[in-house]
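In what follows, a structure is listed as structure tokens, so that the remarks can point back to it.
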Amino acid sequence: MNGSAAWNRLYRREVFDQIRFPEGRINDDEYAVLRLYSGMERIVFLDKDTYFYRKRKNSITTAAFSLQQLDCVTNSRENLEFVTQTAPDLIPAAQFKYIKSMLWCYVNLRKIRTPQARSERQRLHRNIRENRSVALHNPHLGIMLKVLALICSL
């Protein structure tokens with residue numbers, strides 16, 4: 001189960017009084033779900049399949065990598081900022097997600113040969129270098145991702 005997905009949950013209407021999905025972003029549930037959870041008094045989990053996820057061509061999950069996929073870096077960086085202010089005990093988990101999304105985008109940006117993609121890749125390279133120590137000390141990041149962080153920070 002994807003912990004940041006909004007599609008397989010039911011919410012009370014009032015939880016959306018203050019929280020909105022960011023307009024124009026993909027993977028916007030990564031941003032919104034964390035904030036939704038933080039405002040809930042109670043969460044109930046069912047150990048039962050209640051949702052049928054349909055995969056289709058050219059959806060976010062099946063389409064080729066695009067610059068819009070960089071939204072996952074923005075979402076995870078904003079979540080790290082949110083967690084730092086509201087739930088410091090979750091910082092290592094938020095750092096894991098941020099580093100993992102940067103690495104994923106950095107590697108996949110090689111497939112796009114445009115000036116904007118090169119610029120974004122350079123920006124990610126700087127951010128990965130700045131977060132290299134965090135990556136190496138993060139308890140949630142496996143050895144393969146730690147090695148990738150080292151390689152990508154060179």
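Every chain in the structure tokens takes a letter, A first, then B, and so on in the order presented; its residues are numbered from 1, and the ligands are numbered from 1 following the presented order.
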Q. If we count only C-alpha atoms, what is near Ala5 of chain A at a cut-off of 12 Å, once residues fewer than 2 positions away on the same chain are taken out, given as a ChimeraX atom specification?
A. /A:1-3,7-10,21,26-34,36-37,53
Q) Residues at most 12 Å from Met102 of chain A, counting only C-alpha atoms, excluding those fewer than 6 positions away in the same chain, as a PyMOL selection string? A) chain A and resi 69-77+95-96+108-109+120-132+135+145+148-149+152-153
I need the residues from that last selection saved to file as an mmCIF file, in the first residue's frame (with N, CA and C atoms), if you can.
```
data_model
loop_
_atom_site.group_PDB
_atom_site.id
_atom_site.type_symbol
_atom_site.label_atom_id
_atom_site.label_comp_id
_atom_site.auth_asym_id
_atom_site.auth_seq_id
_atom_site.Cartn_x
_atom_site.Cartn_y
_atom_site.Cartn_z
ATOM 1 N N GLN A 69 7.538 15.271 -13.592
ATOM 2 C CA GLN A 69 7.819 14.331 -12.503
ATOM 3 C C GLN A 69 8.641 14.982 -11.402
ATOM 4 N N LEU A 70 9.284 16.105 -11.702
ATOM 5 C CA LEU A 70 10.037 16.833 -10.679
ATOM 6 C C LEU A 70 9.133 17.337 -9.558
ATOM 7 N N ASP A 71 7.831 17.317 -9.779
ATOM 8 C CA ASP A 71 6.896 17.694 -8.718
ATOM 9 C C ASP A 71 7.088 16.824 -7.479
ATOM 10 N N CYS A 72 7.518 15.576 -7.662
ATOM 11 C CA CYS A 72 7.711 14.713 -6.491
ATOM 12 C C CYS A 72 8.844 15.240 -5.608
ATOM 13 N N VAL A 73 9.835 15.893 -6.197
ATOM 14 C CA VAL A 73 10.909 16.497 -5.399
ATOM 15 C C VAL A 73 10.358 17.694 -4.629
ATOM 16 N N THR A 74 9.572 18.519 -5.310
ATOM 17 C CA THR A 74 8.960 19.670 -4.649
ATOM 18 C C THR A 74 8.073 19.221 -3.500
ATOM 19 N N ASN A 75 7.232 18.225 -3.751
ATOM 20 C CA ASN A 75 6.329 17.729 -2.705
ATOM 21 C C ASN A 75 7.105 17.179 -1.512
ATOM 22 N N SER A 76 8.134 16.384 -1.776
ATOM 23 C CA SER A 76 8.869 15.781 -0.662
ATOM 24 C C SER A 76 9.709 16.822 0.085
ATOM 25 N N ARG A 77 10.221 17.838 -0.615
ATOM 26 C CA ARG A 77 10.951 18.908 0.074
ATOM 27 C C ARG A 77 10.002 19.703 0.980
ATOM 28 N N GLN A 95 13.284 12.937 5.257
ATOM 29 C CA GLN A 95 14.556 13.068 4.554
ATOM 30 C C GLN A 95 14.744 11.917 3.575
ATOM 31 N N PHE A 96 14.379 10.710 4.002
ATOM 32 C CA PHE A 96 14.458 9.539 3.122
ATOM 33 C C PHE A 96 13.676 9.779 1.838
ATOM 34 N N ASN A 108 16.723 9.814 -13.897
ATOM 35 C CA ASN A 108 15.810 9.803 -15.037
ATOM 36 C C ASN A 108 15.926 11.030 -15.931
ATOM 37 N N LEU A 109 16.442 12.116 -15.418
ATOM 38 C CA LEU A 109 16.615 13.315 -16.250
ATOM 39 C C LEU A 109 17.622 13.101 -17.373
ATOM 40 N N GLU A 120 17.827 21.461 -14.627
ATOM 41 C CA GLU A 120 17.208 20.786 -13.475
ATOM 42 C C GLU A 120 18.141 19.708 -12.919
ATOM 43 N N ARG A 121 18.831 19.033 -13.798
ATOM 44 C CA ARG A 121 19.759 17.985 -13.351
ATOM 45 C C ARG A 121 20.914 18.611 -12.570
ATOM 46 N N GLN A 122 21.409 19.756 -13.026
ATOM 47 C CA GLN A 122 22.478 20.461 -12.301
ATOM 48 C C GLN A 122 21.987 20.915 -10.924
ATOM 49 N N ARG A 123 20.754 21.404 -10.877
ATOM 50 C CA ARG A 123 20.170 21.837 -9.596
ATOM 51 C C ARG A 123 20.056 20.649 -8.640
ATOM 52 N N LEU A 124 19.574 19.519 -9.150
ATOM 53 C CA LEU A 124 19.466 18.322 -8.321
ATOM 54 C C LEU A 124 20.847 17.839 -7.873
ATOM 55 N N HIS A 125 21.818 17.918 -8.754
ATOM 56 C CA HIS A 125 23.184 17.515 -8.392
ATOM 57 C C HIS A 125 23.670 18.328 -7.195
ATOM 58 N N ARG A 126 23.454 19.649 -7.227
ATOM 59 C CA ARG A 126 23.848 20.497 -6.092
ATOM 60 C C ARG A 126 23.123 20.074 -4.816
ATOM 61 N N ASN A 127 21.804 19.821 -4.927
ATOM 62 C CA ASN A 127 21.019 19.432 -3.749
ATOM 63 C C ASN A 127 21.441 18.067 -3.209
ATOM 64 N N ILE A 128 21.767 17.156 -4.091
ATOM 65 C CA ILE A 128 22.230 15.834 -3.649
ATOM 66 C C ILE A 128 23.573 15.981 -2.929
ATOM 67 N N ARG A 129 24.454 16.806 -3.480
ATOM 68 C CA ARG A 129 25.755 17.051 -2.808
ATOM 69 C C ARG A 129 25.546 17.653 -1.427
ATOM 70 N N GLU A 130 24.627 18.630 -1.334
ATOM 71 C CA GLU A 130 24.350 19.279 -0.050
ATOM 72 C C GLU A 130 23.764 18.307 0.970
ATOM 73 N N ASN A 131 23.065 17.287 0.494
ATOM 74 C CA ASN A 131 22.401 16.323 1.381
ATOM 75 C C ASN A 131 23.132 14.992 1.460
ATOM 76 N N ARG A 132 24.350 14.929 0.955
ATOM 77 C CA ARG A 132 25.110 13.671 0.942
ATOM 78 C C ARG A 132 25.282 13.096 2.347
ATOM 79 N N ALA A 135 22.067 11.713 3.636
ATOM 80 C CA ALA A 135 21.763 10.426 2.993
ATOM 81 C C ALA A 135 22.568 9.292 3.621
ATOM 82 N N LEU A 145 20.893 2.831 -2.195
ATOM 83 C CA LEU A 145 20.584 4.251 -2.375
ATOM 84 C C LEU A 145 21.683 5.134 -1.782
ATOM 85 N N LEU A 148 24.279 5.135 -4.418
ATOM 86 C CA LEU A 148 23.817 5.986 -5.513
ATOM 87 C C LEU A 148 23.952 7.463 -5.137
ATOM 88 N N ALA A 149 23.633 7.818 -3.907
ATOM 89 C CA ALA A 149 23.782 9.202 -3.459
ATOM 90 C C ALA A 149 25.243 9.632 -3.541
ATOM 91 N N CYS A 152 26.126 9.998 -7.326
ATOM 92 C CA CYS A 152 25.464 11.168 -7.912
ATOM 93 C C CYS A 152 25.987 12.480 -7.358
ATOM 94 N N SER A 153 26.644 12.441 -6.218
ATOM 95 C CA SER A 153 27.155 13.678 -5.630
ATOM 96 C C SER A 153 28.568 14.002 -6.101
#
```
Q: Considering only C-alpha atoms, return as number ranges by chain whatever protein or nucleic-acid residues lie within 9 Å of Leu80 of chain A, sequence-local ones (same chain, fewer than 3 positions apart) excluded.
A: A: 75-77, 83-85, 90-95, 97-98
**Q.** Between atom CA of Val147 of chain A and atom CA of Pro115 of chain A, distance in Å (one decimal)
**A.** 27.5 Å
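If you measure from each of A:Leu141, A:Thr86, A:Leu67, A:Lys100 to Ala117 of chain A using only C-alpha atoms, the closest one turns out to be A:Leu67.
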